[in-house]
>>> print(open('upload_35.txt').read())   # compact mmCIF, C-alpha atoms
# COMPACT_ATOMS: atom_id res chain seq x y z
CA MET W 1 3.33 -4.20 10.27
CA ASN W 2 2.13 -2.47 13.43
CA GLY W 3 3.19 1.17 13.38
CA VAL W 4 4.97 0.93 10.03
CA ASP W 5 4.82 4.07 7.90
CA LEU W 6 2.80 2.72 4.96
CA ALA W 7 3.31 5.86 2.91
CA ARG W 8 7.08 5.42 2.97
CA PHE W 9 7.11 1.64 2.88
CA GLU W 10 4.46 1.24 0.21
CA PHE W 11 4.55 -2.17 -1.40
CA ASP W 12 2.23 -4.89 -2.60
CA TYR W 13 1.01 -6.05 0.80
CA ASP W 14 -0.19 -9.41 -0.52
CA THR W 15 3.42 -10.44 -1.11
CA THR W 16 5.55 -12.27 1.44
CA TRP W 17 8.92 -10.61 0.82
CA GLN W 18 9.89 -7.04 -0.07
CA ALA W 19 13.09 -5.04 0.19
CA PHE W 20 13.79 -1.30 0.22
CA PHE W 21 17.00 0.66 -0.20
CA LEU W 22 17.11 3.96 1.68
CA ASP W 23 19.48 6.62 2.91
CA ALA W 24 19.86 7.47 6.61
CA ASN W 25 17.01 9.99 6.34
CA LEU W 26 14.76 7.20 5.04
CA ASN W 27 14.62 8.57 1.50
CA VAL W 28 13.97 5.64 -0.83
CA TYR W 29 16.45 4.77 -3.58
CA SER W 30 14.78 1.61 -4.78
CA ARG W 31 12.32 -1.23 -4.06
CA TYR W 32 12.94 -4.86 -4.82
CA GLY W 33 10.33 -7.63 -4.74
CA GLY W 34 6.91 -8.25 -6.23
CA ARG W 35 5.32 -11.37 -7.61
CA ASP W 36 2.83 -12.55 -10.19
CA GLU W 37 0.08 -15.17 -10.28
CA LYS W 38 2.51 -17.98 -11.04
CA SER W 39 4.83 -17.91 -8.03
CA ALA W 40 5.96 -15.91 -5.01
CA ASP W 41 9.51 -15.36 -6.25
CA GLY W 42 9.43 -16.02 -9.99
CA ARG W 43 10.27 -12.38 -10.66
CA HIS W 44 13.29 -12.30 -8.35
CA SER W 45 16.83 -13.41 -9.10
CA VAL W 46 20.13 -13.19 -7.29
CA ALA W 47 21.66 -11.45 -10.32
CA SER W 48 18.95 -8.77 -10.57
CA LEU W 49 19.07 -8.07 -6.82
CA GLN W 50 22.82 -7.63 -7.14
CA HIS W 51 22.28 -5.23 -10.07
CA THR W 52 19.89 -3.17 -7.97
CA MET W 53 22.27 -3.15 -5.00
CA ASN W 54 25.17 -1.95 -7.13
CA GLU W 55 23.08 0.78 -8.74
CA VAL W 56 21.93 1.95 -5.30
CA LEU W 57 25.53 2.11 -4.05
CA VAL W 58 26.52 4.21 -7.08
CA ALA W 59 23.57 6.58 -6.51
CA HIS W 60 24.34 6.78 -2.79
CA GLU W 61 27.97 7.70 -3.46
CA ARG W 62 26.87 10.31 -5.99
CA ARG W 63 24.54 11.89 -3.42
CA ARG W 64 27.27 11.99 -0.78
CA ARG W 65 29.34 14.33 -2.97
CA PRO W 66 28.04 17.92 -2.85
CA GLU W 67 28.92 18.55 -6.49
CA SER W 68 26.78 15.65 -7.73
CA ARG W 69 24.06 15.56 -5.08
CA SER W 70 20.65 15.40 -6.70
CA ASP W 71 17.20 14.47 -5.46
CA ALA W 72 16.56 12.98 -8.89
CA ASP W 73 18.37 9.91 -7.52
CA LEU W 74 15.57 9.45 -4.97
CA GLN W 75 12.07 8.17 -5.37
CA PRO W 76 9.35 10.78 -4.72
CA ALA W 77 8.81 11.27 -0.99
CA PRO W 78 5.45 10.52 0.60
CA ARG W 79 3.33 13.53 1.51
CA SER W 80 2.55 12.40 5.04
CA LYS W 81 2.97 9.43 7.35
CA THR W 82 0.18 6.86 7.62
CA THR W 83 0.16 3.66 9.64
CA PRO W 84 -2.13 0.60 9.75
CA GLU W 85 -3.64 2.02 12.94
CA ASP W 86 -4.94 4.98 10.91
CA ILE W 87 -7.46 2.62 9.25
CA PRO W 88 -10.50 2.98 11.55
CA LEU W 89 -11.82 -0.59 11.06
CA LEU W 90 -8.39 -2.04 11.81
CA LYS W 91 -7.96 0.14 14.86
CA ALA W 92 -11.41 -0.81 16.13
CA GLY W 93 -11.42 -4.51 15.38
CA HIS W 94 -7.91 -5.87 15.15
CA GLN W 95 -5.76 -7.23 17.91
CA GLY W 96 -2.17 -8.41 17.85
CA CYS W 97 0.24 -8.38 14.94
CA VAL W 98 -0.94 -6.86 11.69
CA HIS W 99 0.01 -9.12 8.79
CA CYS W 100 1.01 -7.50 5.50
CA HIS W 101 -2.02 -8.82 3.58
CA GLN W 102 -4.37 -7.48 6.27
CA ILE W 103 -3.39 -3.94 5.25
CA ALA W 104 -4.85 -4.54 1.79
CA GLU W 105 -7.88 -6.26 3.28
CA TYR W 106 -8.73 -3.55 5.79
CA ARG W 107 -8.22 -0.88 3.16
CA ALA W 108 -10.73 -2.61 0.86
CA LEU W 109 -13.27 -2.96 3.67
CA GLN W 110 -12.73 0.59 4.90
CA SER W 111 -13.17 2.07 1.44
CA PHE W 112 -16.40 0.09 1.00
CA HIS W 113 -17.82 1.23 4.33
CA ASP W 114 -16.79 4.81 3.48
CA GLY W 115 -18.66 4.48 0.15
CA LYS W 116 -15.41 4.93 -1.78
CA PHE W 117 -14.58 1.40 -2.96
CA SER W 118 -13.35 1.33 -6.54
CA ARG W 119 -12.57 -1.72 -8.64
CA ASP W 120 -9.35 -0.10 -9.88
CA SER W 121 -8.00 -0.04 -6.33
CA ILE W 122 -7.67 -3.84 -6.21
CA PHE W 123 -5.48 -3.99 -9.31
CA GLY W 124 -2.31 -2.72 -7.68
CA PHE W 125 1.28 -2.91 -8.83
CA PRO W 126 0.56 -3.63 -12.53
CA LEU W 127 2.96 -6.01 -14.19
CA PRO W 128 5.30 -4.70 -16.92
CA ASP W 129 3.57 -7.32 -19.09
CA ASN W 130 0.45 -5.13 -18.90
CA VAL W 131 2.15 -2.52 -21.05
CA GLY W 132 3.91 -5.10 -23.23
CA ILE W 133 7.32 -5.33 -21.54
CA ASN W 134 9.22 -8.43 -20.46
CA PHE W 135 12.25 -7.54 -18.41
CA ASP W 136 15.39 -9.68 -18.33
CA LEU W 137 15.10 -11.69 -15.10
CA ALA W 138 18.87 -11.62 -14.61
CA HIS W 139 18.99 -7.82 -14.83
CA GLY W 140 15.66 -6.58 -13.54
CA HIS W 141 14.98 -3.52 -15.67
CA ARG W 142 16.59 -4.26 -19.04
CA VAL W 143 13.98 -4.98 -21.72
CA ASP W 144 14.20 -8.56 -22.92
CA ALA W 145 11.20 -8.52 -25.24
CA VAL W 146 8.44 -6.18 -26.33
CA VAL W 147 4.99 -7.51 -27.17
CA PRO W 148 3.91 -6.46 -30.70
CA GLU W 149 1.13 -3.85 -30.83
CA SER W 150 1.47 -3.19 -27.08
CA PRO W 151 1.86 0.30 -25.56
CA ALA W 152 5.63 -0.35 -25.27
CA ALA W 153 5.90 -1.38 -28.92
CA LYS W 154 3.84 1.55 -30.13
CA GLY W 155 5.96 3.91 -28.02
CA GLY W 156 9.17 2.59 -29.58
CA LEU W 157 10.76 0.69 -26.68
CA ALA W 158 13.14 -2.00 -27.93
CA PRO W 159 14.83 -5.14 -26.57
CA GLY W 160 18.10 -4.20 -24.88
CA ASP W 161 16.81 -0.82 -23.65
CA VAL W 162 17.53 -0.29 -19.95
CA VAL W 163 14.63 1.55 -18.33
CA THR W 164 16.02 4.14 -15.90
CA ARG W 165 13.00 6.29 -15.16
CA VAL W 166 9.20 6.40 -15.36
CA ASP W 167 8.01 10.01 -15.04
CA ASP W 168 9.65 11.20 -11.78
CA VAL W 169 10.50 7.73 -10.45
CA PRO W 170 14.08 6.46 -10.87
CA VAL W 171 14.00 2.77 -11.87
CA ARG W 172 16.63 0.36 -10.57
CA SER W 173 14.49 -2.80 -10.44
CA GLU W 174 11.35 -4.28 -11.94
CA GLN W 175 9.52 -3.41 -8.72
CA ASP W 176 10.49 0.27 -9.13
CA PHE W 177 8.85 0.12 -12.56
CA ARG W 178 5.75 -1.50 -11.08
CA TRP W 179 5.55 1.05 -8.26
CA ALA W 180 5.76 3.86 -10.84
CA LEU W 181 2.82 2.28 -12.71
CA HIS W 182 0.99 1.69 -9.43
CA ARG W 183 1.05 5.45 -8.73
CA VAL W 184 -0.65 6.23 -12.02
CA VAL W 185 -4.30 6.71 -11.16
CA GLU W 186 -5.97 9.19 -13.46
CA LYS W 187 -3.41 9.51 -16.25
CA ARG W 188 -3.52 7.43 -19.38
CA SER W 189 0.17 7.69 -20.20
CA VAL W 190 3.66 7.88 -18.71
CA VAL W 191 7.05 8.93 -20.05
CA VAL W 192 9.71 6.24 -19.83
CA THR W 193 13.40 7.12 -19.99
CA ALA W 194 15.71 4.34 -21.15
CA LEU W 195 19.35 3.89 -22.05
CA ARG W 196 19.79 2.51 -25.56
CA ALA W 197 22.97 0.92 -26.86
CA ALA W 198 24.62 2.97 -29.63
CA GLY W 199 27.21 0.65 -31.17
CA SER W 200 30.67 1.37 -29.86
CA LYS W 201 29.55 4.69 -28.33
CA PRO W 202 28.13 5.03 -24.81
CA SER W 203 24.44 4.22 -24.45
CA GLN W 204 22.17 7.14 -25.20
CA PRO W 205 19.05 8.14 -23.23
CA VAL W 206 15.77 7.94 -25.11
CA SER W 207 12.34 9.18 -24.02
CA ILE W 208 9.32 7.06 -24.84
CA LYS W 209 5.65 7.78 -24.17
CA LEU W 210 3.53 4.82 -23.16
CA ASP W 211 -0.18 5.31 -23.87
CA PHE W 212 -2.31 2.88 -21.91
CA HIS W 213 -5.37 1.01 -23.11
CA ALA W 214 -8.58 1.02 -21.05
CA ASP W 215 -7.98 -2.15 -19.02
CA TRP W 216 -4.24 -1.81 -18.65
CA ARG W 217 -4.16 -2.28 -14.86
CA LYS W 218 -6.09 -5.57 -14.80
CA THR W 219 -4.13 -8.59 -13.64
CA ASP W 220 -4.92 -11.96 -12.10
CA LEU W 221 -6.09 -11.61 -8.49
CA GLY W 222 -6.60 -15.30 -7.70
CA TRP W 223 -3.36 -15.59 -5.67
CA ARG W 224 -4.10 -12.60 -3.45
CA LYS W 225 -5.16 -13.24 0.11
CA SER W 226 -6.86 -9.84 0.11
CA LEU W 227 -9.30 -11.10 -2.54
CA ARG W 228 -11.47 -12.45 0.28
CA SER W 229 -12.12 -8.89 1.54
CA VAL W 230 -13.22 -7.47 -1.79
CA PRO W 231 -16.92 -6.57 -1.35
CA LEU W 232 -18.08 -8.91 -4.10
CA PRO W 233 -21.43 -10.48 -3.09
CA LEU W 234 -21.26 -13.84 -4.87
CA GLY W 235 -24.43 -14.94 -3.10
CA PHE W 236 -23.30 -18.55 -2.94
CA LEU W 237 -20.75 -20.84 -1.36
CA GLY W 238 -18.98 -23.25 -3.65
CA TYR W 239 -15.80 -24.97 -4.67
CA ALA W 240 -13.99 -26.25 -7.75
CA LEU W 241 -14.59 -29.94 -8.33
CA GLY W 242 -11.77 -32.38 -7.72
CA ARG W 243 -10.80 -35.20 -10.07
CA GLU W 244 -13.11 -37.86 -8.65
CA GLU W 245 -16.15 -35.61 -8.75
CA ARG W 246 -15.27 -34.58 -12.29
CA ARG W 247 -15.31 -38.19 -13.39
CA THR W 248 -18.67 -38.73 -11.71
CA ALA W 249 -20.04 -35.63 -13.43
CA LYS W 250 -18.43 -36.75 -16.72
CA LEU W 251 -16.48 -33.51 -17.00
CA PRO W 252 -13.01 -33.59 -18.55
CA ASP W 253 -9.94 -32.39 -16.68
CA GLY W 254 -9.11 -28.82 -17.61
CA ARG W 255 -12.78 -27.73 -17.77
CA LEU W 256 -14.20 -25.11 -15.44
CA ALA W 257 -16.41 -26.79 -12.81
CA ILE W 258 -17.50 -24.70 -9.82
CA LYS W 259 -20.15 -26.40 -7.70
CA VAL W 260 -22.78 -24.24 -5.96
CA VAL W 261 -23.04 -25.77 -2.51
CA SER W 262 -25.42 -23.32 -0.87
CA LEU W 263 -27.11 -20.00 -1.53
CA ARG W 264 -26.70 -17.03 0.77
CA GLY W 265 -29.49 -14.91 -0.68
CA GLY W 266 -29.14 -12.17 -3.27
CA GLY W 267 -25.83 -11.21 -4.82
CA LEU W 268 -24.67 -12.56 -8.16
CA ALA W 269 -26.38 -15.90 -7.55
CA GLY W 270 -29.71 -14.18 -6.94
CA ASN W 271 -29.36 -11.97 -10.03
CA LEU W 272 -28.58 -14.95 -12.26
CA GLY W 273 -30.97 -17.45 -10.69
CA LEU W 274 -28.27 -19.90 -9.63
CA GLU W 275 -29.55 -22.90 -7.69
CA LYS W 276 -27.99 -25.20 -5.13
CA GLY W 277 -26.23 -28.04 -6.94
CA ASP W 278 -25.57 -26.07 -10.14
CA LEU W 279 -22.20 -26.64 -11.78
CA ILE W 280 -20.76 -23.48 -13.34
CA VAL W 281 -18.90 -24.61 -16.46
CA SER W 282 -18.38 -21.39 -18.39
CA LEU W 283 -17.99 -17.67 -17.72
CA ALA W 284 -18.50 -15.35 -20.69
CA GLY W 285 -17.71 -18.24 -23.03
CA ARG W 286 -14.47 -19.11 -21.25
CA SER W 287 -14.44 -22.62 -19.80
CA ASP W 288 -10.86 -23.41 -18.78
CA GLU W 289 -10.37 -24.89 -15.31
CA ARG W 290 -10.02 -22.45 -12.42
CA THR W 291 -10.24 -22.41 -8.66
CA LEU W 292 -13.08 -20.49 -7.02
CA ASP W 293 -10.63 -17.65 -6.29
CA ASP W 294 -9.54 -17.55 -9.93
CA PHE W 295 -13.22 -17.52 -10.92
CA LYS W 296 -13.79 -14.53 -8.61
CA SER W 297 -10.71 -12.88 -10.07
CA ASP W 298 -12.13 -13.31 -13.58
CA LEU W 299 -15.43 -11.80 -12.53
CA LEU W 300 -13.66 -8.78 -11.09
CA ARG W 301 -11.50 -8.33 -14.18
CA ARG W 302 -14.44 -8.47 -16.54
CA TYR W 303 -17.33 -6.81 -14.79
CA ALA W 304 -18.35 -3.75 -12.82
CA PRO W 305 -21.69 -3.38 -11.02
CA GLY W 306 -24.53 -3.28 -13.55
CA ASP W 307 -22.62 -5.11 -16.32
CA LYS W 308 -24.38 -8.12 -17.84
CA VAL W 309 -22.82 -11.40 -16.64
CA ARG W 310 -23.20 -14.59 -18.67
CA LEU W 311 -22.67 -18.02 -17.09
CA THR W 312 -23.27 -21.54 -18.37
CA VAL W 313 -24.30 -24.08 -15.74
CA LEU W 314 -25.12 -27.75 -15.71
CA ARG W 315 -28.38 -28.37 -13.83
CA ASP W 316 -29.85 -31.87 -13.63
CA GLY W 317 -27.63 -32.88 -16.52
CA LYS W 318 -28.82 -30.06 -18.79
CA SER W 319 -26.82 -27.07 -19.94
CA LEU W 320 -28.38 -23.69 -19.14
CA GLU W 321 -27.25 -20.20 -19.99
CA LEU W 322 -27.87 -17.69 -17.20
CA THR W 323 -27.58 -13.94 -17.55
CA GLY W 324 -28.07 -11.10 -15.11
CA PRO W 325 -26.48 -7.92 -13.82
CA PHE W 326 -23.26 -7.91 -11.81
CA PRO W 327 -24.41 -6.88 -8.31
CA PRO W 328 -23.50 -3.67 -6.48
CA TRP W 329 -20.54 -3.95 -4.10
CA ASP W 330 -21.70 -5.24 -0.76
CA THR W 331 -20.34 -6.86 2.39
CA THR W 332 -21.28 -7.08 6.03
CA ASP W 333 -17.66 -7.76 7.04
CA THR W 334 -15.99 -5.14 9.21
CA SER W 335 -12.88 -7.11 10.16
CA VAL W 336 -10.58 -9.71 8.63
CA PRO W 337 -9.29 -12.96 10.14
CA MET L 1 15.47 -15.86 -0.26
CA GLN L 2 17.33 -15.58 2.98
CA HIS L 3 20.03 -18.11 2.17
CA ARG L 4 20.79 -16.42 -1.13
CA LEU L 5 21.82 -13.09 0.34
CA CYS L 6 25.51 -13.56 -0.15
CA PHE L 7 26.63 -10.57 -2.18
CA ALA L 8 29.63 -8.36 -2.18
CA PRO L 9 27.34 -5.26 -2.26
CA LEU L 10 25.88 -6.22 1.11
CA ASN L 11 29.11 -5.11 2.72
CA GLY L 12 28.25 -1.58 1.66
CA LEU L 13 24.78 -1.58 3.26
CA ILE L 14 23.20 -1.36 6.68
CA LEU L 15 20.78 -4.26 6.95
CA LEU L 16 17.37 -4.16 8.62
CA VAL L 17 14.88 -6.98 8.69
CA SER L 18 11.28 -6.56 9.74
CA ALA L 19 9.06 -9.60 10.06
CA CYS L 20 5.46 -9.03 9.04
CA VAL L 21 4.48 -11.67 11.58
CA LEU L 22 6.46 -11.92 14.75
CA ALA L 23 4.64 -14.83 16.34
CA LEU L 24 7.30 -17.35 15.45
CA PRO L 25 11.04 -17.14 16.07
CA MET L 26 13.02 -16.58 12.91
CA PRO L 27 15.49 -19.33 12.09
CA ALA L 28 19.07 -18.11 11.95
CA SER L 29 20.84 -19.22 8.82
CA ALA L 30 24.56 -19.49 8.42
CA GLN L 31 24.36 -16.24 6.46
CA ASP L 32 22.80 -14.43 9.43
CA LYS L 33 25.82 -15.33 11.51
CA VAL L 34 28.05 -13.53 9.01
CA LEU L 35 25.83 -10.52 8.40
CA ARG L 36 24.66 -8.26 11.19
CA TRP L 37 20.96 -7.51 10.84
CA HIS L 38 19.24 -4.75 12.80
CA ASP L 39 15.64 -5.15 13.93
CA ASN L 40 14.95 -1.52 14.81
CA LEU L 41 14.56 1.10 12.10
CA ASP L 42 15.68 4.06 14.20
CA ARG L 43 18.85 2.30 15.31
CA ALA L 44 19.53 1.11 11.76
CA ALA L 45 19.11 4.68 10.47
CA GLN L 46 21.53 5.89 13.14
CA ALA L 47 24.05 3.24 12.10
CA SER L 48 23.56 4.32 8.50
CA ARG L 49 24.21 7.93 9.46
CA GLU L 50 27.37 7.05 11.35
CA SER L 51 28.79 4.73 8.72
CA GLY L 52 27.68 6.59 5.61
CA LYS L 53 26.22 3.36 4.23
CA PRO L 54 22.68 3.13 2.79
CA LEU L 55 20.00 0.96 4.37
CA PHE L 56 18.73 -2.36 3.04
CA VAL L 57 15.34 -2.96 4.67
CA VAL L 58 13.55 -6.28 4.29
CA PHE L 59 9.94 -7.09 5.11
CA ARG L 60 9.19 -10.77 5.18
CA CYS L 61 6.26 -12.86 6.23
CA VAL L 62 7.23 -15.45 8.81
CA ARG L 63 4.54 -18.13 8.99
>>> encode(input="upload_35.txt", output="structure tokens")
Amino acid sequence: MNGVDLARFEFDYDTTWQAFFLDANLNVYSRYGGRDEKSADGRHSVASLQHTMNEVLVAHERRRRPESRSDADLQPAPRSKTTPEDIPLLKAGHQGCVHCHQIAEYRALQSFHDGKFSRDSIFGFPLPDNVGINFDLAHGHRVDAVVPESPAAKGGLAPGDVVTRVDDVPVRSEQDFRWALHRVVEKRSVVVTALRAAGSKPSQPVSIKLDFHADWRKTDLGWRKSLRSVPLPLGFLGYALGREERRTAKLPDGRLAIKVVSLRGGGLAGNLGLEKGDLIVSLAGRSDERTLDDFKSDLLRRYAPGDKVRLTVLRDGKSLELTGPFPPWDTTDTSVP
Amino acid sequence: MQHRLCFAPLNGLILLVSACVLALPMPASAQDKVLRWHDNLDRAAQASRESGKPLFVVFRCVR
């Protein structure tokens, strides 16, 4: 990623594959890619990529004709160029190739050291599921289902609607939709334009307002490599028990079991009074099995500094409930591996 | 995804691939032998300008 214009080629840098469609002046027509916590390519399909390609070719042809040329076919242009080397910590401490995920990691570290780290910044590229939309995997941006009582349902979006725009962003793929949501920082709503089937007549455009709920951006972070650079001072080293150790500890499969191997002083462990050897078996009453990264992800989804954290641990065979404040953001890291 | 990129629309695009990690050589698939991929954005943009075709730019992590 060395030297790449991150403002123009903005994508979810924790992912391993991303495509862009542009004109010769590097104006962006569409983005294709993105993933979720389940798999790296579960949201891609040959059919949906072909849909996006065909829609881009139609838009490109339209823009080549003076009578139909419109910037509305293009995604909003970045204000200015920015490269990985513009991140001071990266420039000072990184050598060799810059991996995609390192962009996200250095940005998190830089914002912490600049005193600007915000929890919202780590929940990038919200899933359409977050606003109650499931897109048809074979199409990409046609609504397959709408979750009852969700922002999409309350706004009036319906199965079969083809989303073509979110505010000023033309949508030709699910990733376009996610990028449009990603850009929403302060606002609590967006206007979605969709084409709706009208019987034997041509589809008609409809405008729908999506009002977001408070935690609408929050998604699972456990799969993200950049999670390791989030300035969350756990205050302990640990791991999720394997099957053999579970049997020894008489814990059933499927139950949360994070073993505290050592304490690092302070942090969440210090605030809660965790001890070496403790087994964390529940977080805020939730006890389903998770990896340590998924556990960290859950902490970040639920709590901000100062919030009261509640853990259940097994210590010397006894169950204990520990409570204490979520610690302030902190890290001594200034570079990433 | 590389082996799946066999679409009619690809004929209407200028193709650019950028590896996020360049430490390892990228394996050439049979598809790569059919499609001509650029590895320089400026040259791909110039080809796009000359041909009138849009650009298809891919970032991929090569481990």
>>> atom_distance(input="upload_35.txt", atom1="CA of Thr164 (chain W)", atom2="CA of Ala194 (chain W)")
5.3 Å
>>> interface_residues(input="upload_35.txt", of="chain W", to="chain L", cutoff="8 Å", atoms="only C-alpha atoms", output="MDAnalysis selection string")
chainID W and resid 1 16:26 46 50 53:54 57 60 97:100
>>> residues_near_point(input="upload_35.txt", point="(0.0, 12.3, 4.2)", cutoff="12 Å", atoms="all atoms listed in the file", output="ChimeraX atom specification")
/W:5-8,77-83,86
>>> closest_residue(input="upload_35.txt", among="W:Gly199, W:Gly156, W:Gly124, W:His141", to="Val184 (chain W)", atoms="all atoms listed in the file")
W:Gly124
>>> residues_around(input="upload_35.txt", residues="Phe177 (chain W)", least_positions_apart="2", cutoff="10 Å", atoms="all atoms listed in the file", output="list in words")
Ser30, Arg31, Phe125, Pro126, Leu127, Pro128, Gly140, His141, Val163, Thr164, Arg165, Val166, Val169, Pro170, Val171, Arg172, Ser173, Glu174, Gln175, Trp179, Ala180, Leu181, His182 and Val192 of chain W
>>> decode(input="upload_35.txt", residues="region 223-230 of chain W", atoms="all heavy atoms", output="PDB file, in the first residue's frame")
ATOM      1  N   TRP W 223     -12.588 -10.688  13.976  1.00  0.00           N
ATOM      2  CA  TRP W 223     -11.835 -11.159  12.811  1.00  0.00           C
ATOM      3  C   TRP W 223     -10.777 -10.161  12.364  1.00  0.00           C
ATOM      4  O   TRP W 223      -9.904 -10.495  11.563  1.00  0.00           O
ATOM      5  CB  TRP W 223     -12.784 -11.435  11.645  1.00  0.00           C
ATOM      6  CG  TRP W 223     -13.538 -10.220  11.171  1.00  0.00           C
ATOM      7  CD1 TRP W 223     -14.724  -9.745  11.645  1.00  0.00           C
ATOM      8  CD2 TRP W 223     -13.128  -9.306  10.140  1.00  0.00           C
ATOM      9  NE1 TRP W 223     -15.086  -8.596  10.969  1.00  0.00           N
ATOM     10  CE2 TRP W 223     -14.126  -8.308  10.039  1.00  0.00           C
ATOM     11  CE3 TRP W 223     -12.022  -9.232   9.288  1.00  0.00           C
ATOM     12  CZ2 TRP W 223     -14.049  -7.258   9.127  1.00  0.00           C
ATOM     13  CZ3 TRP W 223     -11.942  -8.176   8.382  1.00  0.00           C
ATOM     14  CH2 TRP W 223     -12.951  -7.218   8.311  1.00  0.00           C
ATOM     15  N   ARG W 224     -10.839  -8.949  12.884  1.00  0.00           N
ATOM     16  CA  ARG W 224      -9.973  -7.884  12.354  1.00  0.00           C
ATOM     17  C   ARG W 224      -8.563  -7.957  12.920  1.00  0.00           C
ATOM     18  O   ARG W 224      -8.377  -7.976  14.131  1.00  0.00           O
ATOM     19  CB  ARG W 224     -10.562  -6.504  12.683  1.00  0.00           C
ATOM     20  CG  ARG W 224     -11.827  -6.196  11.930  1.00  0.00           C
ATOM     21  CD  ARG W 224     -12.364  -4.824  12.280  1.00  0.00           C
ATOM     22  NE  ARG W 224     -13.564  -4.542  11.516  1.00  0.00           N
ATOM     23  CZ  ARG W 224     -13.553  -4.020  10.290  1.00  0.00           C
ATOM     24  NH1 ARG W 224     -12.409  -3.686   9.730  1.00  0.00           N
ATOM     25  NH2 ARG W 224     -14.689  -3.819   9.652  1.00  0.00           N
ATOM     26  N   LYS W 225      -7.589  -7.956  12.035  1.00  0.00           N
ATOM     27  CA  LYS W 225      -6.206  -7.933  12.480  1.00  0.00           C
ATOM     28  C   LYS W 225      -5.904  -6.630  13.221  1.00  0.00           C
ATOM     29  O   LYS W 225      -5.083  -6.596  14.132  1.00  0.00           O
ATOM     30  CB  LYS W 225      -5.276  -8.083  11.270  1.00  0.00           C
ATOM     31  CG  LYS W 225      -3.990  -8.775  11.600  1.00  0.00           C
ATOM     32  CD  LYS W 225      -3.345  -9.389  10.390  1.00  0.00           C
ATOM     33  CE  LYS W 225      -2.181 -10.266  10.817  1.00  0.00           C
ATOM     34  NZ  LYS W 225      -1.632 -11.035   9.717  1.00  0.00           N
ATOM     35  N   SER W 226      -6.556  -5.559  12.838  1.00  0.00           N
ATOM     36  CA  SER W 226      -6.285  -4.262  13.466  1.00  0.00           C
ATOM     37  C   SER W 226      -6.771  -4.202  14.906  1.00  0.00           C
ATOM     38  O   SER W 226      -6.433  -3.264  15.627  1.00  0.00           O
ATOM     39  CB  SER W 226      -6.933  -3.135  12.665  1.00  0.00           C
ATOM     40  OG  SER W 226      -8.339  -3.262  12.659  1.00  0.00           O
ATOM     41  N   LEU W 227      -7.528  -5.208  15.344  1.00  0.00           N
ATOM     42  CA  LEU W 227      -8.012  -5.220  16.725  1.00  0.00           C
ATOM     43  C   LEU W 227      -6.851  -5.151  17.709  1.00  0.00           C
ATOM     44  O   LEU W 227      -6.955  -4.574  18.784  1.00  0.00           O
ATOM     45  CB  LEU W 227      -8.838  -6.494  16.967  1.00  0.00           C
ATOM     46  CG  LEU W 227      -9.452  -6.688  18.351  1.00  0.00           C
ATOM     47  CD1 LEU W 227     -10.466  -5.598  18.659  1.00  0.00           C
ATOM     48  CD2 LEU W 227     -10.111  -8.056  18.461  1.00  0.00           C
ATOM     49  N   ARG W 228      -5.706  -5.743  17.317  1.00  0.00           N
ATOM     50  CA  ARG W 228      -4.567  -5.788  18.240  1.00  0.00           C
ATOM     51  C   ARG W 228      -3.974  -4.397  18.501  1.00  0.00           C
ATOM     52  O   ARG W 228      -3.228  -4.221  19.451  1.00  0.00           O
ATOM     53  CB  ARG W 228      -3.478  -6.714  17.691  1.00  0.00           C
ATOM     54  CG  ARG W 228      -2.889  -6.259  16.372  1.00  0.00           C
ATOM     55  CD  ARG W 228      -1.908  -7.253  15.808  1.00  0.00           C
ATOM     56  NE  ARG W 228      -1.445  -6.813  14.501  1.00  0.00           N
ATOM     57  CZ  ARG W 228      -0.500  -7.410  13.802  1.00  0.00           C
ATOM     58  NH1 ARG W 228       0.068  -8.492  14.259  1.00  0.00           N
ATOM     59  NH2 ARG W 228      -0.139  -6.940  12.632  1.00  0.00           N
ATOM     60  N   SER W 229      -4.280  -3.422  17.649  1.00  0.00           N
ATOM     61  CA  SER W 229      -3.735  -2.076  17.855  1.00  0.00           C
ATOM     62  C   SER W 229      -4.732  -1.112  18.474  1.00  0.00           C
ATOM     63  O   SER W 229      -4.446   0.074  18.616  1.00  0.00           O
ATOM     64  CB  SER W 229      -3.231  -1.509  16.523  1.00  0.00           C
ATOM     65  OG  SER W 229      -2.150  -2.277  16.064  1.00  0.00           O
ATOM     66  N   VAL W 230      -5.900  -1.622  18.837  1.00  0.00           N
ATOM     67  CA  VAL W 230      -6.855  -0.773  19.555  1.00  0.00           C
ATOM     68  C   VAL W 230      -6.319  -0.569  20.975  1.00  0.00           C
ATOM     69  O   VAL W 230      -5.903  -1.539  21.620  1.00  0.00           O
ATOM     70  CB  VAL W 230      -8.250  -1.448  19.598  1.00  0.00           C
ATOM     71  CG1 VAL W 230      -9.201  -0.660  20.492  1.00  0.00           C
ATOM     72  CG2 VAL W 230      -8.824  -1.568  18.189  1.00  0.00           C
TER      73      VAL W 230
END
